[in-house]
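**Student:** Starting off with a structure, shown below.
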There are 2 protein chains.
Amino acid sequence: MIKNIFKNISQTFIKNGHRLTNQRRIVIEVILNHKTDHMTVEDIYESTKTISPNISLSTVYRIVDFLKQNNIIHKLQVDDDHYFYELINTEGSAIHPHFICKKCGKTIDILNEDILNHAAACQKNITSTYDFKIVSSTILYYGICSNCLEKLKPNALPKKNKKK
Amino acid sequence: MIKNIFKNISQTFIKNGHRLTNQRRIVIEVILNHKTDHMTVEDIYESTKTISPNISLSTVYRIVDFLKQNNIIHKLQVDDDHYFYELINTEGSAIHPHFICKKCGKTIDILNEDILNHAAACQKNITSTYDFKIVSSTILYYGICSNCLEKLKPNALPKKNKKK
DNA sequence: TTCGATGCAAAAGGTTTGCATGGGT
DNA sequence: ACCCATGCAAACCTTTTGCATCGAA
């Protein structure tokens, strides 16, 4: 299944005259194996190095850029110093909204079908109202996640004053 | 009306022990006077300099950061090298979705009431489904705007192969 | 008078680039 | 064999920071 995605990806850019180098193969593998992990370039680099220690950081930057150009991955800039890449259009997890907890920093994928439908309807509404052609989107919600809300309740965890 | 917003803003941070310096006054004025202009720090700096030529770029960075911390403005990162700031909660133009045309680069504010309601409903849905508390959001749609779509029609502007 | 805010210039640091080399096709 | 992709290190560029000075309260 991941094999298929890989095959699709590599065929696509061989078809377009690009080369399937070892480095590209490895970076793609890393990304596929961390599909749900919200990785930065640095993360990808570190993970790639465990497979091929000689790969260079700038190569990873170039490959990530390349994959972005080819609509294989998608960058999400969460705030000034947090971002990550996500696969586009893996079956069962297309582009979706994200929730970022301002307290614990976690990014949570919003995959609830109801909500996805709702969002799709909203997008369609824009398309027809403004006569735009929408090809992608970035939907980020910021706030406090249920876990952190729980911890904030007055009766919860009254002891243990934690510090950064 | 802008006067009122200004008063609100300055009172808020005087109350919080911050100082209303001339530079802050000017930067706020600039932002209020360009409410719909999607300005970068550099833009704000340039505009500020026409009023007070001696202001320093780092001061503008600091003030913009300050206003962001105080929830007066909001940064929108459109892509790796495009971003801008927007006022939060000016009456009649609260946070709203944006559309970015990949062809002409324009950013268009989506203010259609129907769509805003739709988006609000979607947000509420997330809140209740996940038990999150949402305090802000960034909603960006990418694609081709109606103007550029028009130009792309086969019968429009058939000549003129432009190059970068 | 106090201490937060500013200006200047220098530092930072993530990302990009030039160039010689390597390796897909 | 061709020429795109890579590795390395240097360059880039926007943003941040240290420090002396200024000025709002």
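Chain lettering (A, B, ...) mirrors the order of the structure tokens, residue numbering begins at 1 for each chain separately, and ligand numbering begins at 1 in order of display.
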I'd like the neighbourhood of DT6 (chain C) as a list in words, where a residue qualifies if any of its atoms comes within 9 Å (using only C-alpha atoms (C1' of nucleotides)), though same-chain residues fewer than 6 positions away should be ignored.

**Tutor:**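 Final neighbour list, sorted by chain and number: Gln23, Ile55, Ser56, Ser58 and Thr59 of chain B; DT21 and DC22 of chain D.
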
**Student:** Would you kindly return, as a PyMOL selection string, each protein, DNA or RNA residue with an atom no farther than 10 Å from any atom of DT16 (chain D), considering only C-alpha atoms (C1' of nucleotides) and excluding same-chain residues fewer than 2 positions away?

**Tutor:** (chain B and resi 58+61-62) or (chain C and resi 11-12) or (chain D and resi 14)

**Student:** With N, CA, C and O atoms (P, O5', C5', C4', C3', O3' and C1' of nucleotides) retained, could you export that selection as a JSON list (two decimals), in the first residue's frame?

**Tutor:**
```
[["chain", "number", "residue", "atom", "x", "y", "z"],
["B", 58, "SER", "N", 14.10, 47.87, 13.48],
["B", 58, "SER", "CA", 13.95, 46.92, 14.58],
["B", 58, "SER", "C", 12.85, 47.35, 15.55],
["B", 58, "SER", "O", 12.18, 46.52, 16.13],
["B", 61, "TYR", "N", 9.71, 46.10, 14.05],
["B", 61, "TYR", "CA", 9.60, 44.68, 14.35],
["B", 61, "TYR", "C", 9.11, 44.47, 15.77],
["B", 61, "TYR", "O", 8.23, 43.66, 16.04],
["B", 62, "ARG", "N", 9.69, 45.24, 16.69],
["B", 62, "ARG", "CA", 9.31, 45.06, 18.08],
["B", 62, "ARG", "C", 7.87, 45.47, 18.33],
["B", 62, "ARG", "O", 7.14, 44.81, 19.08],
["C", 11, "DA", "P", 29.27, 40.88, 15.73],
["C", 11, "DA", "O5'", 27.95, 40.02, 15.93],
["C", 11, "DA", "C5'", 27.38, 39.97, 17.24],
["C", 11, "DA", "C4'", 26.23, 38.99, 17.23],
["C", 11, "DA", "C3'", 26.56, 37.60, 16.70],
["C", 11, "DA", "O3'", 26.06, 36.67, 17.64],
["C", 11, "DA", "C1'", 24.71, 38.53, 15.51],
["C", 12, "DA", "P", 26.26, 35.11, 17.40],
["C", 12, "DA", "O5'", 24.80, 34.68, 16.95],
["C", 12, "DA", "C5'", 23.70, 35.35, 17.51],
["C", 12, "DA", "C4'", 22.45, 34.91, 16.79],
["C", 12, "DA", "C3'", 22.51, 33.45, 16.33],
["C", 12, "DA", "O3'", 21.34, 32.84, 16.80],
["C", 12, "DA", "C1'", 21.87, 34.88, 14.54],
["D", 14, "DT", "P", 15.15, 40.13, 2.82],
["D", 14, "DT", "O5'", 14.04, 39.92, 3.94],
["D", 14, "DT", "C5'", 13.53, 38.62, 4.14],
["D", 14, "DT", "C4'", 13.64, 38.21, 5.58],
["D", 14, "DT", "C3'", 12.96, 39.18, 6.56],
["D", 14, "DT", "O3'", 12.02, 38.42, 7.29],
["D", 14, "DT", "C1'", 15.12, 38.57, 7.33]]
```

**Student:** With only C-alpha atoms (C1' of nucleotides) as the basis for distance, which of B:Thr48, B:Asn16, B:Asn22, B:Thr129 is at the shortest distance from chain D?

**Tutor:**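 Looking only at the distances to chain D, the closest residue turns out to be B:Asn22.
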
**Student:** Would you mind listing, as a list in words, all residues of chain C that have at least one atom within 12 Å of chain A, where only C-alpha atoms (C1' of nucleotides) are what counts?

**Tutor:** DG13, DG14, DT15, DT16, DT17, DG22, DG23, DG24 and DT25 of chain C

**Student:** Please identify all residues of chain A having at least one atom at most 10 Å from any atom of chain B, considering only C-alpha atoms, and return them as a count of residues only.

**Tutor:** 49

**Student:** Based on only C-alpha atoms (C1' of nucleotides), which of the residues in chain D come within 10 Å of chain A? I want them as number ranges by chain.

**Tutor:** D: 4-8

**Student:** Can I get the selected residues back with N, CA and C atoms (P, O5', C5', C4', C3', O3' and C1' of nucleotides), as an mmCIF file, in the first residue's frame?

**Tutor:**
```cif
data_model
loop_
_atom_site.group_PDB
_atom_site.id
_atom_site.type_symbol
_atom_site.label_atom_id
_atom_site.label_comp_id
_atom_site.auth_asym_id
_atom_site.auth_seq_id
_atom_site.Cartn_x
_atom_site.Cartn_y
_atom_site.Cartn_z
ATOM 1 P P DC D 4 20.055 18.957 -17.526
ATOM 2 O "O5'" DC D 4 19.162 18.398 -16.326
ATOM 3 C "C5'" DC D 4 18.563 17.128 -16.426
ATOM 4 C "C4'" DC D 4 18.753 16.363 -15.123
ATOM 5 C "C3'" DC D 4 18.385 17.155 -13.882
ATOM 6 O "O3'" DC D 4 17.695 16.268 -13.005
ATOM 7 C "C1'" DC D 4 20.610 16.404 -13.681
ATOM 8 P P DA D 5 17.161 16.704 -11.602
ATOM 9 O "O5'" DA D 5 18.311 16.192 -10.618
ATOM 10 C "C5'" DA D 5 18.486 14.801 -10.457
ATOM 11 C "C4'" DA D 5 19.462 14.545 -9.325
ATOM 12 C "C3'" DA D 5 19.157 15.266 -8.023
ATOM 13 O "O3'" DA D 5 19.359 14.326 -6.975
ATOM 14 C "C1'" DA D 5 21.345 15.823 -8.746
ATOM 15 P P DT D 6 19.308 14.751 -5.473
ATOM 16 O "O5'" DT D 6 20.858 14.888 -5.135
ATOM 17 C "C5'" DT D 6 21.666 13.731 -5.140
ATOM 18 C "C4'" DT D 6 23.075 14.067 -4.677
ATOM 19 C "C3'" DT D 6 23.159 14.662 -3.273
ATOM 20 O "O3'" DT D 6 24.042 13.857 -2.510
ATOM 21 C "C1'" DT D 6 24.395 15.961 -4.835
ATOM 22 P P DG D 7 24.098 13.983 -0.930
ATOM 23 O "O5'" DG D 7 25.464 14.778 -0.741
ATOM 24 C "C5'" DG D 7 26.655 14.263 -1.287
ATOM 25 C "C4'" DG D 7 27.832 15.166 -0.946
ATOM 26 C "C3'" DG D 7 27.827 15.764 0.455
ATOM 27 O "O3'" DG D 7 29.155 15.689 0.962
ATOM 28 C "C1'" DG D 7 27.847 17.509 -1.166
ATOM 29 P P DC D 8 29.496 15.971 2.464
ATOM 30 O "O5'" DC D 8 30.177 17.421 2.429
ATOM 31 C "C5'" DC D 8 31.265 17.657 1.533
ATOM 32 C "C4'" DC D 8 31.449 19.147 1.348
ATOM 33 C "C3'" DC D 8 31.338 19.970 2.627
ATOM 34 O "O3'" DC D 8 32.621 20.479 2.949
ATOM 35 C "C1'" DC D 8 30.220 21.005 0.787
#
```

**Student:** Once DSSP has gone over the backbone, tell me which residues of region 2-160 of chain B are in strand (DSSP E), as an MDAnalysis selection string.

**Tutor:** chainID B and resid 73:79 82:87 98:101 107:109 133:144

**Student:** What does the file look like for those residues with N, CA, C and O atoms, as a compact mmCIF listing (two decimals), in the first residue's frame?

**Tutor:**
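Dumped everything to part.txt:
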```txt
# COMPACT_ATOMS: atom_id res chain seq x y z
N ILE B 73 -3.12 42.63 16.29
CA ILE B 73 -2.95 42.22 14.90
C ILE B 73 -2.65 40.74 14.84
O ILE B 73 -2.40 40.10 15.86
N HIS B 74 -2.61 40.23 13.66
CA HIS B 74 -2.58 38.80 13.42
C HIS B 74 -1.75 38.56 12.17
O HIS B 74 -1.94 39.23 11.18
N LYS B 75 -0.81 37.66 12.24
CA LYS B 75 0.04 37.41 11.08
C LYS B 75 -0.51 36.30 10.22
O LYS B 75 -0.88 35.25 10.73
N LEU B 76 -0.54 36.53 8.94
CA LEU B 76 -0.95 35.48 8.01
C LEU B 76 0.20 35.11 7.10
O LEU B 76 0.65 35.92 6.29
N GLN B 77 0.67 33.90 7.25
CA GLN B 77 1.76 33.41 6.41
C GLN B 77 1.14 32.73 5.20
O GLN B 77 0.57 31.66 5.30
N VAL B 78 1.24 33.38 4.08
CA VAL B 78 0.56 32.90 2.88
C VAL B 78 1.37 31.80 2.21
O VAL B 78 0.83 30.79 1.78
N ASP B 79 2.66 32.01 2.12
CA ASP B 79 3.57 30.94 1.70
C ASP B 79 4.95 31.28 2.20
O ASP B 79 5.12 32.24 2.95
N HIS B 82 5.70 34.96 1.54
CA HIS B 82 4.65 35.98 1.55
C HIS B 82 3.85 35.88 2.84
O HIS B 82 3.37 34.81 3.18
N TYR B 83 3.75 37.01 3.48
CA TYR B 83 2.93 37.06 4.69
C TYR B 83 2.42 38.49 4.80
O TYR B 83 2.88 39.39 4.09
N PHE B 84 1.50 38.68 5.71
CA PHE B 84 1.07 40.05 6.01
C PHE B 84 0.36 40.07 7.35
O PHE B 84 0.01 39.01 7.89
N TYR B 85 0.17 41.26 7.84
CA TYR B 85 -0.54 41.41 9.11
C TYR B 85 -1.93 41.97 8.87
O TYR B 85 -2.15 42.75 7.94
N GLU B 86 -2.83 41.57 9.74
CA GLU B 86 -4.19 42.08 9.66
C GLU B 86 -4.67 42.45 11.04
O GLU B 86 -4.33 41.81 12.03
N LEU B 87 -5.51 43.48 11.07
CA LEU B 87 -6.13 43.88 12.33
C LEU B 87 -7.10 42.79 12.79
O LEU B 87 -7.81 42.20 11.98
N HIS B 98 -9.28 33.71 3.68
CA HIS B 98 -8.63 34.43 2.58
C HIS B 98 -8.45 33.50 1.39
O HIS B 98 -8.27 32.30 1.57
N PHE B 99 -8.48 34.12 0.25
CA PHE B 99 -8.18 33.37 -0.97
C PHE B 99 -6.94 33.96 -1.60
O PHE B 99 -6.82 35.17 -1.75
N ILE B 100 -5.99 33.10 -1.97
CA ILE B 100 -4.76 33.56 -2.58
C ILE B 100 -4.68 33.02 -4.00
O ILE B 100 -4.70 31.81 -4.21
N CYS B 101 -4.58 33.93 -4.95
CA CYS B 101 -4.50 33.51 -6.35
C CYS B 101 -3.06 33.14 -6.68
O CYS B 101 -2.14 33.94 -6.50
N THR B 107 -4.22 38.53 -2.69
CA THR B 107 -4.94 37.93 -1.56
C THR B 107 -6.29 38.61 -1.43
O THR B 107 -6.36 39.84 -1.34
N ILE B 108 -7.32 37.82 -1.43
CA ILE B 108 -8.67 38.37 -1.40
C ILE B 108 -9.37 37.97 -0.10
O ILE B 108 -9.36 36.80 0.28
N ASP B 109 -9.91 38.96 0.59
CA ASP B 109 -10.63 38.70 1.83
C ASP B 109 -11.99 38.11 1.52
O ASP B 109 -12.72 38.65 0.68
N LYS B 133 -11.19 24.21 22.82
CA LYS B 133 -11.58 25.61 22.88
C LYS B 133 -10.82 26.33 21.78
O LYS B 133 -9.58 26.39 21.83
N ILE B 134 -11.52 26.84 20.81
CA ILE B 134 -10.88 27.51 19.68
C ILE B 134 -10.85 29.01 19.94
O ILE B 134 -11.89 29.60 20.26
N VAL B 135 -9.68 29.62 19.83
CA VAL B 135 -9.61 31.06 20.08
C VAL B 135 -9.26 31.86 18.82
O VAL B 135 -9.50 33.06 18.77
N SER B 136 -8.70 31.20 17.83
CA SER B 136 -8.45 31.91 16.59
C SER B 136 -8.27 30.91 15.47
O SER B 136 -8.21 29.70 15.71
N SER B 137 -8.18 31.42 14.27
CA SER B 137 -8.05 30.50 13.14
C SER B 137 -7.39 31.18 11.96
O SER B 137 -7.36 32.41 11.87
N THR B 138 -6.85 30.37 11.10
CA THR B 138 -6.26 30.84 9.85
C THR B 138 -6.83 29.96 8.75
O THR B 138 -6.61 28.75 8.76
N ILE B 139 -7.57 30.57 7.87
CA ILE B 139 -8.18 29.79 6.80
C ILE B 139 -7.77 30.38 5.45
O ILE B 139 -8.13 31.51 5.12
N LEU B 140 -6.99 29.62 4.73
CA LEU B 140 -6.45 30.09 3.46
C LEU B 140 -6.82 29.14 2.34
O LEU B 140 -6.61 27.93 2.46
N TYR B 141 -7.37 29.67 1.30
CA TYR B 141 -7.65 28.87 0.10
C TYR B 141 -6.74 29.35 -1.01
O TYR B 141 -6.53 30.55 -1.18
N TYR B 142 -6.21 28.39 -1.73
CA TYR B 142 -5.31 28.72 -2.84
C TYR B 142 -5.94 28.27 -4.15
O TYR B 142 -6.60 27.23 -4.20
N GLY B 143 -5.69 29.04 -5.17
CA GLY B 143 -6.24 28.65 -6.46
C GLY B 143 -6.09 29.75 -7.48
O GLY B 143 -5.09 30.47 -7.47
N ILE B 144 -7.05 29.89 -8.33
CA ILE B 144 -7.00 30.92 -9.38
C ILE B 144 -8.25 31.78 -9.27
O ILE B 144 -9.36 31.26 -9.21
```

**Student:** Please determine, counting only C-alpha atoms, which residue among A:Leu111, A:Ile2, A:Cys104, A:Leu67 has the shortest atom-to-atom distance to His34 (chain A).

**Tutor:**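 Of A:Leu111, A:Ile2, A:Cys104, A:Leu67, the one nearest His34 (chain A), counting only C-alpha atoms, is A:Ile2.
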